[in-house]
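**Q** Structure supplied as model-v8.cif; contents: mmCIF, C-alpha atoms.
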```cif
data_run
loop_
_atom_site.label_atom_id
_atom_site.label_comp_id
_atom_site.auth_asym_id
_atom_site.auth_seq_id
_atom_site.Cartn_x
_atom_site.Cartn_y
_atom_site.Cartn_z
CA MET A 25 84.76 -56.70 -35.43
CA ASN A 26 86.52 -53.54 -35.37
CA ALA A 27 87.63 -54.17 -38.82
CA LEU A 28 84.09 -54.76 -39.95
CA LEU A 29 82.91 -51.53 -38.53
CA LEU A 30 85.75 -49.68 -40.09
CA ALA A 31 84.99 -51.17 -43.47
CA ALA A 32 81.30 -50.28 -43.19
CA ALA A 33 82.17 -46.82 -42.04
CA GLU A 34 84.38 -46.21 -45.05
CA GLU A 35 81.75 -47.25 -47.53
CA GLN A 36 78.85 -44.94 -46.55
CA PRO A 37 78.06 -42.76 -43.55
CA PRO A 38 75.48 -44.33 -41.20
CA ILE A 39 73.11 -41.35 -41.37
CA VAL A 40 72.57 -41.44 -45.15
CA PRO A 41 70.24 -44.33 -46.11
CA HIS A 42 70.68 -46.57 -49.11
CA LEU A 43 68.85 -45.61 -52.25
CA ASP A 44 66.57 -48.65 -52.31
CA GLU A 45 65.53 -48.01 -48.65
CA LEU A 46 64.82 -44.44 -49.53
CA VAL A 47 62.61 -45.43 -52.48
CA ILE A 48 60.69 -48.02 -50.42
CA GLY A 49 60.19 -45.44 -47.63
CA LEU A 50 58.86 -42.85 -50.10
CA ILE A 51 56.44 -45.39 -51.65
CA ALA A 52 55.20 -46.43 -48.17
CA PHE A 53 54.78 -42.78 -47.20
CA ALA A 54 52.82 -42.08 -50.40
CA ILE A 55 50.53 -45.07 -49.73
CA VAL A 56 49.90 -44.02 -46.08
CA PHE A 57 49.43 -40.38 -47.13
CA GLY A 58 47.01 -41.37 -49.91
CA PHE A 59 45.04 -43.61 -47.53
CA LEU A 60 44.85 -40.84 -44.92
CA ALA A 61 43.86 -38.25 -47.54
CA LYS A 62 41.14 -40.45 -49.10
CA LYS A 63 39.63 -42.14 -46.01
CA LEU A 64 40.53 -40.28 -42.84
CA LEU A 65 40.70 -36.63 -43.93
CA PRO A 66 37.05 -36.44 -45.25
CA ASN A 67 35.81 -37.97 -41.98
CA ILE A 68 37.86 -35.50 -39.96
CA ASN A 69 36.59 -32.60 -42.10
CA LYS A 70 33.01 -33.86 -41.76
CA VAL A 71 33.31 -34.08 -37.96
CA LEU A 72 34.92 -30.62 -37.82
CA GLU A 73 32.11 -29.19 -39.99
CA GLN A 74 29.47 -30.79 -37.73
CA ARG A 75 31.19 -29.31 -34.66
CA ARG A 76 31.36 -25.91 -36.34
CA GLU A 77 27.64 -26.07 -37.24
CA ALA A 78 26.78 -27.23 -33.72
CA ILE A 79 28.78 -24.37 -32.21
CA GLU A 80 27.21 -21.84 -34.59
CA GLY A 81 23.75 -23.27 -33.85
CA GLY A 82 24.49 -23.12 -30.15
CA ILE A 83 25.61 -19.52 -30.50
CA GLU A 84 22.45 -18.66 -32.44
CA GLU A 85 20.30 -20.44 -29.84
CA ALA A 86 22.15 -18.65 -27.06
CA GLU A 87 21.57 -15.31 -28.79
CA ALA A 88 17.87 -16.17 -29.28
CA ALA A 89 17.63 -17.22 -25.62
CA LYS A 90 19.38 -14.00 -24.61
CA ILE A 91 16.92 -11.93 -26.65
CA GLU A 92 14.00 -13.88 -25.19
CA ALA A 93 15.40 -13.48 -21.67
CA GLN A 94 15.79 -9.75 -22.28
CA SER A 95 12.18 -9.60 -23.47
CA VAL A 96 10.98 -11.53 -20.42
CA LEU A 97 13.04 -9.24 -18.19
CA GLU A 98 11.45 -6.16 -19.76
CA GLN A 99 7.98 -7.70 -19.30
CA TYR A 100 8.82 -8.52 -15.68
CA LYS A 101 10.03 -4.97 -15.07
CA ALA A 102 6.87 -3.57 -16.66
CA GLN A 103 4.66 -5.87 -14.56
CA LEU A 104 6.62 -4.96 -11.44
CA ALA A 105 6.20 -1.25 -12.15
CA GLU A 106 2.50 -1.79 -12.81
CA ALA A 107 2.15 -3.80 -9.58
CA ARG A 108 3.89 -1.04 -7.62
CA HIS A 109 1.61 1.55 -9.19
CA GLU A 110 -1.45 -0.58 -8.37
CA ALA A 111 -0.25 -1.08 -4.78
CA ALA A 112 0.22 2.68 -4.38
CA ARG A 113 -3.26 3.28 -5.81
CA LEU A 114 -4.81 0.69 -3.47
CA ARG A 115 -2.95 2.18 -0.52
CA GLN A 116 -4.26 5.65 -1.44
CA GLU A 117 -7.81 4.29 -1.81
CA ALA A 118 -7.55 2.56 1.57
CA GLN A 119 -6.40 5.79 3.19
CA GLU A 120 -9.26 7.71 1.57
CA GLN A 121 -11.77 5.06 2.64
CA GLY A 122 -10.33 5.07 6.16
CA THR A 123 -10.67 8.85 6.31
CA ALA A 124 -14.25 8.64 5.00
CA ILE A 125 -15.12 5.93 7.53
CA ILE A 126 -13.62 7.99 10.35
CA GLN A 127 -15.65 11.02 9.22
CA GLU A 128 -18.81 8.90 9.02
CA MET A 129 -18.16 7.47 12.49
CA LYS A 130 -17.57 10.98 13.89
CA ALA A 131 -20.79 12.22 12.30
CA GLU A 132 -22.68 9.17 13.57
CA GLY A 133 -21.20 9.63 17.03
CA GLN A 134 -22.15 13.32 16.98
CA ARG A 135 -25.69 12.43 15.85
CA GLN A 136 -26.03 9.79 18.57
CA ARG A 137 -24.65 12.23 21.13
CA GLU A 138 -27.20 14.84 20.05
CA GLU A 139 -29.98 12.23 20.28
CA ILE A 140 -28.84 11.14 23.75
CA ILE A 141 -28.59 14.75 24.92
CA ALA A 142 -32.04 15.54 23.46
CA ALA A 143 -33.49 12.40 25.06
CA GLY A 144 -31.82 13.36 28.35
CA HIS A 145 -33.25 16.89 28.20
CA ALA A 146 -36.69 15.49 27.36
CA GLN A 147 -36.43 13.03 30.25
CA ILE A 148 -35.25 15.77 32.60
CA GLU A 149 -38.14 18.01 31.48
CA ALA A 150 -40.62 15.17 31.92
CA ASP A 151 -39.15 14.37 35.36
CA ARG A 152 -39.26 18.08 36.28
CA LYS A 153 -42.90 18.33 35.21
CA ALA A 154 -43.74 15.13 37.08
CA ALA A 155 -41.91 16.40 40.14
CA ALA A 156 -43.65 19.80 39.85
CA THR A 157 -47.01 18.07 39.54
CA ALA A 158 -46.28 15.80 42.47
CA LEU A 159 -44.94 18.73 44.47
CA ARG A 160 -47.98 20.81 43.57
CA GLN A 161 -50.25 18.00 44.76
CA ASP A 162 -48.27 17.50 47.95
CA VAL A 163 -48.08 21.25 48.63
CA GLY A 164 -51.76 21.55 47.82
CA LYS A 165 -52.70 18.74 50.19
CA LEU A 166 -50.53 20.20 52.93
CA ALA A 167 -51.92 23.67 52.29
CA THR A 168 -55.47 22.33 52.37
CA ASP A 169 -54.83 20.47 55.59
CA LEU A 170 -53.19 23.52 57.13
CA ALA A 171 -55.90 25.85 55.88
CA GLY A 172 -58.54 23.46 57.23
CA LYS A 173 -56.90 23.50 60.63
CA LEU A 174 -56.59 27.28 60.58
CA VAL A 175 -60.11 27.94 59.38
CA GLY A 176 -61.53 25.23 61.50
CA GLU A 177 -63.65 23.70 58.79
CA SER A 178 -62.91 20.87 56.41
CA LEU A 179 -61.99 21.70 52.87
CA GLU A 180 -62.78 18.28 51.54
CA ASP A 181 -64.65 19.46 48.52
CA HIS A 182 -62.33 18.50 45.72
CA ALA A 183 -63.26 21.23 43.25
CA ARG A 184 -62.89 23.93 45.85
CA GLN A 185 -59.68 22.37 47.04
CA SER A 186 -58.20 22.38 43.49
CA ARG A 187 -59.14 26.01 42.93
CA THR A 188 -57.65 27.07 46.22
CA ILE A 189 -54.41 25.15 45.59
CA ASP A 190 -54.05 26.50 42.06
CA ARG A 191 -54.66 30.06 43.22
CA PHE A 192 -52.13 29.70 46.02
CA LEU A 193 -49.46 28.21 43.78
CA ASP A 194 -50.04 30.82 41.08
CA GLU A 195 -49.53 33.56 43.63
CA LEU A 196 -46.27 31.90 44.74
CA GLU A 197 -45.03 31.69 41.17
CA GLU A 198 -45.88 35.34 40.52
CA LYS A 199 -43.96 36.39 43.61
CA ALA A 200 -40.98 34.24 42.57
CA GLU A 201 -40.93 35.78 39.09
CA ALA A 202 -41.25 39.28 40.45
CA ALA A 203 -38.30 38.66 42.79
CA ARG A 204 -36.05 37.78 39.92
#
```
Hey, can you dump this file as structure tokens for me?
**A**
Amino acid sequence: MNALLLAAAEEQPPIVPHLDELVIGLIAFAIVFGFLAKKLLPNINKVLEQRREAIEGGIEEAEAAKIEAQSVLEQYKAQLAEARHEAARLRQEAQEQGTAIIQEMKAEGQRQREEIIAAGHAQIEADRKAAATALRQDVGKLATDLAGKLVGESLEDHARQSRTIDRFLDELEEKAEAAR
């Protein structure tokens, strides 16, 4: 065996192939390369082109979506600013209406107070007049009774009694005014 290996080693180095193996290998390589170039390479290129178009379309759609999102964002900001402005306006209107209502209520309260005071004064004046009339009648009756006892005759005549009472009370009022 050793001798066989030595003989084979002397003929040709093991790394260098025989010429007929080299030719068969090159023909097989050319067939495989031709098959790959004709059948597989167009399919690979077609798939790569589709992926490139899909990526470019996706990028274009993303850019369009970004532009649309930017537009929607600007609209949202404008609506938000408008809503804030409207809220401030409504708040100002509410404050103005509140102030107006408070002023109206104060004026109404003042008017009612004046009416109550006027009604109270009128009632007091009416009560004073009624009390003065009642007092005048009571004083007149007492004065008539007293005068009747002093004079010794009855002063039952109503007309005479009224004149006497009025004269007496008028004299008292004159004296009271003069004393002031």
**Q** What is the CA of Ala118 (chain A)-CA of Arg135 (chain A) distance in Å, reported with one decimal?
**A**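 Atom-to-atom, CA of Ala118 (chain A) and CA of Arg135 (chain A) are spaced 25.1 Å apart.
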**Q** Restricting the calculation to all atoms listed in the file: of A:Glu85, A:Glu198, A:Asp151, A:Asp190, which residue gets closest to Lys165 (chain A)?
**A** A:Asp190
**Q** Hey, could you pull the box centre and edge lengths for region 185-196 of chain A, axis-aligned, 3 Å padding per side, all listed atoms, to one decimal in Å, as AutoDock Vina command-line options?
**A**
```
--center_x -53.0 --center_y 28.0 --center_z 44.1 --size_x 19.4 --size_y 17.2 --size_z 12.0
```
**Q** May I ask for the distance between CA of Ile189 (chain A) and CA of Ala203 (chain A), given in Å to one decimal place?
**A** 21.2 Å
**Q** What would region 91-108 of chain A look like with N, CA and C atoms in place, written as a PDB file, in the coordinates of the input?
**A**
```pdb
ATOM      1  N   ILE A  91      17.937 -12.902 -26.221  1.00  0.00           N
ATOM      2  CA  ILE A  91      16.920 -11.930 -26.650  1.00  0.00           C
ATOM      3  C   ILE A  91      15.597 -12.217 -25.940  1.00  0.00           C
ATOM      4  N   GLU A  92      15.237 -13.498 -25.880  1.00  0.00           N
ATOM      5  CA  GLU A  92      14.000 -13.880 -25.190  1.00  0.00           C
ATOM      6  C   GLU A  92      14.080 -13.537 -23.701  1.00  0.00           C
ATOM      7  N   ALA A  93      15.220 -13.812 -23.083  1.00  0.00           N
ATOM      8  CA  ALA A  93      15.400 -13.480 -21.670  1.00  0.00           C
ATOM      9  C   ALA A  93      15.311 -11.975 -21.454  1.00  0.00           C
ATOM     10  N   GLN A  94      15.878 -11.212 -22.377  1.00  0.00           N
ATOM     11  CA  GLN A  94      15.790  -9.750 -22.280  1.00  0.00           C
ATOM     12  C   GLN A  94      14.335  -9.302 -22.386  1.00  0.00           C
ATOM     13  N   SER A  95      13.598  -9.920 -23.310  1.00  0.00           N
ATOM     14  CA  SER A  95      12.180  -9.600 -23.470  1.00  0.00           C
ATOM     15  C   SER A  95      11.400  -9.938 -22.211  1.00  0.00           C
ATOM     16  N   VAL A  96      11.648 -11.113 -21.657  1.00  0.00           N
ATOM     17  CA  VAL A  96      10.980 -11.530 -20.420  1.00  0.00           C
ATOM     18  C   VAL A  96      11.346 -10.592 -19.276  1.00  0.00           C
ATOM     19  N   LEU A  97      12.602 -10.177 -19.225  1.00  0.00           N
ATOM     20  CA  LEU A  97      13.040  -9.240 -18.190  1.00  0.00           C
ATOM     21  C   LEU A  97      12.314  -7.908 -18.318  1.00  0.00           C
ATOM     22  N   GLU A  98      12.165  -7.420 -19.535  1.00  0.00           N
ATOM     23  CA  GLU A  98      11.450  -6.160 -19.760  1.00  0.00           C
ATOM     24  C   GLU A  98       9.986  -6.305 -19.345  1.00  0.00           C
ATOM     25  N   GLN A  99       9.371  -7.449 -19.704  1.00  0.00           N
ATOM     26  CA  GLN A  99       7.980  -7.700 -19.300  1.00  0.00           C
ATOM     27  C   GLN A  99       7.875  -7.742 -17.779  1.00  0.00           C
ATOM     28  N   TYR A 100       8.820  -8.412 -17.150  1.00  0.00           N
ATOM     29  CA  TYR A 100       8.820  -8.520 -15.680  1.00  0.00           C
ATOM     30  C   TYR A 100       8.949  -7.132 -15.054  1.00  0.00           C
ATOM     31  N   LYS A 101       9.861  -6.324 -15.603  1.00  0.00           N
ATOM     32  CA  LYS A 101      10.030  -4.970 -15.070  1.00  0.00           C
ATOM     33  C   LYS A 101       8.753  -4.154 -15.254  1.00  0.00           C
ATOM     34  N   ALA A 102       8.110  -4.294 -16.411  1.00  0.00           N
ATOM     35  CA  ALA A 102       6.870  -3.570 -16.660  1.00  0.00           C
ATOM     36  C   ALA A 102       5.774  -4.027 -15.700  1.00  0.00           C
ATOM     37  N   GLN A 103       5.661  -5.347 -15.495  1.00  0.00           N
ATOM     38  CA  GLN A 103       4.660  -5.870 -14.560  1.00  0.00           C
ATOM     39  C   GLN A 103       4.965  -5.417 -13.138  1.00  0.00           C
ATOM     40  N   LEU A 104       6.235  -5.401 -12.782  1.00  0.00           N
ATOM     41  CA  LEU A 104       6.620  -4.960 -11.440  1.00  0.00           C
ATOM     42  C   LEU A 104       6.270  -3.490 -11.243  1.00  0.00           C
ATOM     43  N   ALA A 105       6.549  -2.673 -12.243  1.00  0.00           N
ATOM     44  CA  ALA A 105       6.200  -1.250 -12.150  1.00  0.00           C
ATOM     45  C   ALA A 105       4.690  -1.075 -12.058  1.00  0.00           C
ATOM     46  N   GLU A 106       3.966  -1.859 -12.849  1.00  0.00           N
ATOM     47  CA  GLU A 106       2.500  -1.790 -12.810  1.00  0.00           C
ATOM     48  C   GLU A 106       1.980  -2.249 -11.447  1.00  0.00           C
ATOM     49  N   ALA A 107       2.560  -3.305 -10.893  1.00  0.00           N
ATOM     50  CA  ALA A 107       2.150  -3.800  -9.580  1.00  0.00           C
ATOM     51  C   ALA A 107       2.445  -2.754  -8.497  1.00  0.00           C
ATOM     52  N   ARG A 108       3.571  -2.090  -8.597  1.00  0.00           N
ATOM     53  CA  ARG A 108       3.890  -1.040  -7.620  1.00  0.00           C
ATOM     54  C   ARG A 108       2.899   0.107  -7.732  1.00  0.00           C
TER      55      ARG A 108
END
```
